[in-house]
Amino acid sequence: MATAWGDESVRKTGVPSPMYLMGACVCDDTETETRQRLALLKPKGARKLHWRDMRPSLRGKVVDAMAAMDIDHVIVAAVPMSQWNTAERARRKCLERLLPLLETEYNVDTLVLERREISQDRNDIRFIDGLRSRRFIGPIRVELCAGETDARLWLPDQLGAYGDAQAGTGRYDEFLGHVRTVFIDSD
């Protein structure tokens, strides 16, 4: 079984339509090399590698490093985000699509998401428990952790490259060619 590390990104400006993105990277739980590579790229004094805080030159280095890793990358995109009325509704729709995908196609038994506000985390867990009780997902576990606690949580944040590519501000075609992107309907 594998572990996936997940994070969100919301793009409202510079893109044709506002989008909510939920990214996940499937990474071996015992992979220390991944953490070491990412830690070497983290700017001195930064708590973590955060896409929107990086300069374009560092973004290129991070994307190149990720492309060299043997990691599956998945993005579930709610585009346009306005179809779901709120970012939280778009998040739920993305989780509803992402969790069974990770479980059945990537053999993931745990998804680690970056922790948000306590009330938001509580709502996420309640929603995921509802998916499980309706048998929409199987035994996949979801854990919530602070972004700076494990460098593997930085992986899905770098999928901000997708948002930059959509906004025309970044050229990450080679890397993004290996990222699976799934669009969800408003149904």
# chains A, B, ... in the order shown; residues from 1 in each chain; ligands from 1
call {"tool": "residues_around", "arguments": {"residues": "region 62-72 of chain A", "least_positions_apart": "4", "cutoff": "7 Å", "atoms": "only C-alpha atoms", "output": "ChimeraX atom specification"}}
result
/A:25-27,41,58,175
call {"tool": "write_last_selection", "arguments": {"atoms": "N, CA and C atoms", "output": "CSV table (one decimal), in the first residue's frame"}}
result
chain,number,residue,atom,x,y,z
A,25,CYS,N,0.3,13.6,-4.4
A,25,CYS,CA,1.5,12.9,-4.9
A,25,CYS,C,1.6,11.6,-4.2
A,26,VAL,N,1.8,10.5,-4.9
A,26,VAL,CA,1.9,9.2,-4.3
A,26,VAL,C,3.4,9.0,-4.1
A,27,CYS,N,3.7,8.8,-2.8
A,27,CYS,CA,5.1,8.7,-2.4
A,27,CYS,C,5.3,7.7,-1.3
A,41,LEU,N,16.2,22.3,-1.2
A,41,LEU,CA,15.7,23.4,-2.0
A,41,LEU,C,15.0,24.5,-1.3
A,58,LEU,N,13.6,29.5,-8.5
A,58,LEU,CA,13.5,28.4,-7.6
A,58,LEU,C,12.4,27.4,-8.0
A,175,PHE,N,7.2,18.8,-17.2
A,175,PHE,CA,6.8,18.2,-15.9
A,175,PHE,C,5.3,17.9,-15.9
call {"tool": "closest_atom_pairs", "arguments": {"of": "region 140-166 of chain A", "to": "region 123-132 of chain A", "cutoff": "12 Å", "atoms": "only C-alpha atoms", "output": "CSV"}}
result
residue,atom,partner,partner_atom,distance
A:Ile140,CA,A:Arg132,CA,8.7
A:Arg141,CA,A:Ile128,CA,9.1
A:Val142,CA,A:Ile125,CA,7.8
A:Glu143,CA,A:Ile125,CA,9.0
A:Leu144,CA,A:Ile125,CA,9.2
call {"tool": "atom_distance", "arguments": {"atom1": "CA of Ser57 (chain A)", "atom2": "CA of Leu40 (chain A)"}}
result
14.8 Å
call {"tool": "residues_around", "arguments": {"residues": "Val79 (chain A)", "least_positions_apart": "5", "cutoff": "7 Å", "atoms": "only C-alpha atoms", "output": "list in words"}}
result
Ser17, Pro18, Met19 and Tyr20 of chain A
call {"tool": "atom_distance", "arguments": {"atom1": "CA of Asp150 (chain A)", "atom2": "CA of Leu95 (chain A)"}}
result
21.2 Å
call {"tool": "residues_around", "arguments": {"residues": "Asn107 (chain A)", "least_positions_apart": "3", "cutoff": "7 Å", "atoms": "only C-alpha atoms", "output": "ChimeraX atom specification"}}
result
/A:1-2,102-104
call {"tool": "write_last_selection", "arguments": {"atoms": "N, CA and C atoms", "output": "PDB file, in the first residue's frame"}}
result
ATOM      1  N   MET A   1       0.843  -1.175   0.000  1.00  0.00           N
ATOM      2  CA  MET A   1       0.000   0.000   0.000  1.00  0.00           C
ATOM      3  C   MET A   1       0.889   1.238   0.000  1.00  0.00           C
ATOM      4  N   ALA A   2       0.338   2.332  -0.464  1.00  0.00           N
ATOM      5  CA  ALA A   2       1.101   3.567  -0.607  1.00  0.00           C
ATOM      6  C   ALA A   2       0.432   4.703   0.152  1.00  0.00           C
ATOM      7  N   LEU A 102      -7.448   7.547  -5.814  1.00  0.00           N
ATOM      8  CA  LEU A 102      -6.207   7.139  -5.139  1.00  0.00           C
ATOM      9  C   LEU A 102      -6.300   5.709  -4.629  1.00  0.00           C
ATOM     10  N   GLU A 103      -7.454   5.375  -4.073  1.00  0.00           N
ATOM     11  CA  GLU A 103      -7.648   4.059  -3.475  1.00  0.00           C
ATOM     12  C   GLU A 103      -7.630   2.941  -4.518  1.00  0.00           C
ATOM     13  N   THR A 104      -8.352   3.141  -5.609  1.00  0.00           N
ATOM     14  CA  THR A 104      -8.500   2.052  -6.579  1.00  0.00           C
ATOM     15  C   THR A 104      -7.407   2.010  -7.636  1.00  0.00           C
TER      16      THR A 104
END
call {"tool": "closest_atom_pairs", "arguments": {"of": "region 153-173 of chain A", "to": "region 49-54 of chain A", "cutoff": "8 Å", "atoms": "only C-alpha atoms", "output": "JSON lines"}}
result
{"residue": "A:Trp154", "atom": "CA", "partner": "A:Leu49", "partner_atom": "CA", "distance": 5.8}
{"residue": "A:Asp157", "atom": "CA", "partner": "A:Trp51", "partner_atom": "CA", "distance": 6.2}
{"residue": "A:Gln158", "atom": "CA", "partner": "A:Trp51", "partner_atom": "CA", "distance": 5.5}
{"residue": "A:Gly160", "atom": "CA", "partner": "A:Trp51", "partner_atom": "CA", "distance": 6.0}
{"residue": "A:Ala161", "atom": "CA", "partner": "A:Trp51", "partner_atom": "CA", "distance": 7.9}
call {"tool": "closest_residue", "arguments": {"among": "A:Leu176, A:Ile75, A:Leu159, A:Leu21", "to": "Ala90 (chain A)", "atoms": "only C-alpha atoms"}}
result
A:Leu21
call {"tool": "residues_around", "arguments": {"residues": "Val76 (chain A)", "least_positions_apart": "6", "cutoff": "10 Å", "atoms": "only C-alpha atoms", "output": "list in words"}}
result
Glu8, Tyr20, Leu21, Met22, Gly23, Ala24, Arg91, Lys93, Cys94, Leu95, Glu96, Arg97, Leu98, Leu101, Arg180, Thr181, Val182, Phe183 and Ile184 of chain A
call {"tool": "write_last_selection", "arguments": {"atoms": "N, CA, C and O atoms", "output": "mmCIF file, in the first residue's frame"}}
result
data_model
loop_
_atom_site.group_PDB
_atom_site.id
_atom_site.type_symbol
_atom_site.label_atom_id
_atom_site.label_comp_id
_atom_site.auth_asym_id
_atom_site.auth_seq_id
_atom_site.Cartn_x
_atom_site.Cartn_y
_atom_site.Cartn_z
ATOM 1 N N GLU A 8 -4.242 21.801 -1.588
ATOM 2 C CA GLU A 8 -5.154 22.513 -2.464
ATOM 3 C C GLU A 8 -4.490 23.755 -3.037
ATOM 4 O O GLU A 8 -3.483 24.239 -2.522
ATOM 5 N N TYR A 20 -10.439 25.553 -8.603
ATOM 6 C CA TYR A 20 -10.042 24.940 -7.343
ATOM 7 C C TYR A 20 -9.321 23.661 -7.719
ATOM 8 O O TYR A 20 -9.860 22.830 -8.456
ATOM 9 N N LEU A 21 -8.095 23.504 -7.234
ATOM 10 C CA LEU A 21 -7.277 22.343 -7.563
ATOM 11 C C LEU A 21 -6.945 21.580 -6.288
ATOM 12 O O LEU A 21 -6.536 22.172 -5.289
ATOM 13 N N MET A 22 -7.119 20.281 -6.333
ATOM 14 C CA MET A 22 -6.702 19.414 -5.239
ATOM 15 C C MET A 22 -5.651 18.488 -5.832
ATOM 16 O O MET A 22 -5.949 17.701 -6.747
ATOM 17 N N GLY A 23 -4.420 18.625 -5.351
ATOM 18 C CA GLY A 23 -3.329 17.817 -5.875
ATOM 19 C C GLY A 23 -2.907 16.754 -4.882
ATOM 20 O O GLY A 23 -3.021 16.933 -3.666
ATOM 21 N N ALA A 24 -2.432 15.647 -5.409
ATOM 22 C CA ALA A 24 -1.897 14.577 -4.568
ATOM 23 C C ALA A 24 -0.692 13.973 -5.256
ATOM 24 O O ALA A 24 -0.656 13.854 -6.482
ATOM 25 N N ARG A 91 -13.971 21.988 -2.887
ATOM 26 C CA ARG A 91 -13.045 21.086 -2.200
ATOM 27 C C ARG A 91 -13.696 19.724 -1.970
ATOM 28 O O ARG A 91 -13.083 18.685 -2.207
ATOM 29 N N LYS A 93 -16.137 18.354 -3.627
ATOM 30 C CA LYS A 93 -16.281 17.658 -4.919
ATOM 31 C C LYS A 93 -14.933 17.071 -5.357
ATOM 32 O O LYS A 93 -14.885 15.958 -5.886
ATOM 33 N N CYS A 94 -13.852 17.803 -5.130
ATOM 34 C CA CYS A 94 -12.532 17.288 -5.498
ATOM 35 C C CYS A 94 -12.152 16.087 -4.639
ATOM 36 O O CYS A 94 -11.642 15.085 -5.154
ATOM 37 N N LEU A 95 -12.393 16.174 -3.338
ATOM 38 C CA LEU A 95 -12.110 15.032 -2.456
ATOM 39 C C LEU A 95 -12.951 13.817 -2.833
ATOM 40 O O LEU A 95 -12.467 12.681 -2.814
ATOM 41 N N GLU A 96 -14.200 14.068 -3.185
ATOM 42 C CA GLU A 96 -15.110 12.988 -3.580
ATOM 43 C C GLU A 96 -14.584 12.242 -4.810
ATOM 44 O O GLU A 96 -14.770 11.042 -4.942
ATOM 45 N N ARG A 97 -13.897 12.936 -5.670
ATOM 46 C CA ARG A 97 -13.319 12.303 -6.873
ATOM 47 C C ARG A 97 -11.922 11.746 -6.600
ATOM 48 O O ARG A 97 -11.559 10.680 -7.088
ATOM 49 N N LEU A 98 -11.131 12.473 -5.801
ATOM 50 C CA LEU A 98 -9.743 12.090 -5.554
ATOM 51 C C LEU A 98 -9.607 10.826 -4.711
ATOM 52 O O LEU A 98 -8.810 9.941 -5.038
ATOM 53 N N LEU A 101 -10.196 7.518 -6.493
ATOM 54 C CA LEU A 101 -9.163 7.400 -7.527
ATOM 55 C C LEU A 101 -7.851 6.923 -6.911
ATOM 56 O O LEU A 101 -7.211 5.989 -7.408
ATOM 57 N N ARG A 180 -1.247 13.685 -14.007
ATOM 58 C CA ARG A 180 -2.609 13.306 -14.420
ATOM 59 C C ARG A 180 -3.578 14.370 -13.911
ATOM 60 O O ARG A 180 -3.597 14.672 -12.715
ATOM 61 N N THR A 181 -4.366 14.913 -14.805
ATOM 62 C CA THR A 181 -5.347 15.925 -14.430
ATOM 63 C C THR A 181 -6.752 15.388 -14.733
ATOM 64 O O THR A 181 -7.019 14.929 -15.836
ATOM 65 N N VAL A 182 -7.594 15.441 -13.710
ATOM 66 C CA VAL A 182 -8.962 14.970 -13.803
ATOM 67 C C VAL A 182 -9.877 16.167 -13.550
ATOM 68 O O VAL A 182 -9.741 16.844 -12.535
ATOM 69 N N PHE A 183 -10.785 16.426 -14.481
ATOM 70 C CA PHE A 183 -11.736 17.523 -14.321
ATOM 71 C C PHE A 183 -13.045 16.956 -13.818
ATOM 72 O O PHE A 183 -13.472 15.884 -14.248
ATOM 73 N N ILE A 184 -13.691 17.679 -12.917
ATOM 74 C CA ILE A 184 -14.961 17.206 -12.384
ATOM 75 C C ILE A 184 -16.097 18.036 -12.968
ATOM 76 O O ILE A 184 -15.946 19.207 -13.282
#
call {"tool": "closest_residue", "arguments": {"among": "A:Ala146, A:Arg122, A:Arg171, A:Pro139", "to": "Thr110 (chain A)", "atoms": "only C-alpha atoms"}}
result
A:Pro139
call {"tool": "atom_distance", "arguments": {"atom1": "CA of Arg115 (chain A)", "atom2": "CA of Gly170 (chain A)"}}
result
27.3 Å
call {"tool": "residues_around", "arguments": {"residues": "Thr32 (chain A)", "least_positions_apart": "6", "cutoff": "12 Å", "atoms": "only C-alpha atoms", "output": "list in words"}}
result
Leu38, Ala39, Asp150, Ala151 and Arg152 of chain A
call {"tool": "select_by_dssp", "arguments": {"residues": "region 75-119 of chain A", "states": "strand (DSSP E)", "output": "VMD selection string"}}
result
chain A and resid 75 to 78 108 to 114
call {"tool": "select_by_dssp", "arguments": {"residues": "chain A", "states": "alpha helix (DSSP H)", "output": "PyMOL selection string"}}
result
chain A and resi 32-41+56-68+87-105+118-133+154-157+160-167+173-176
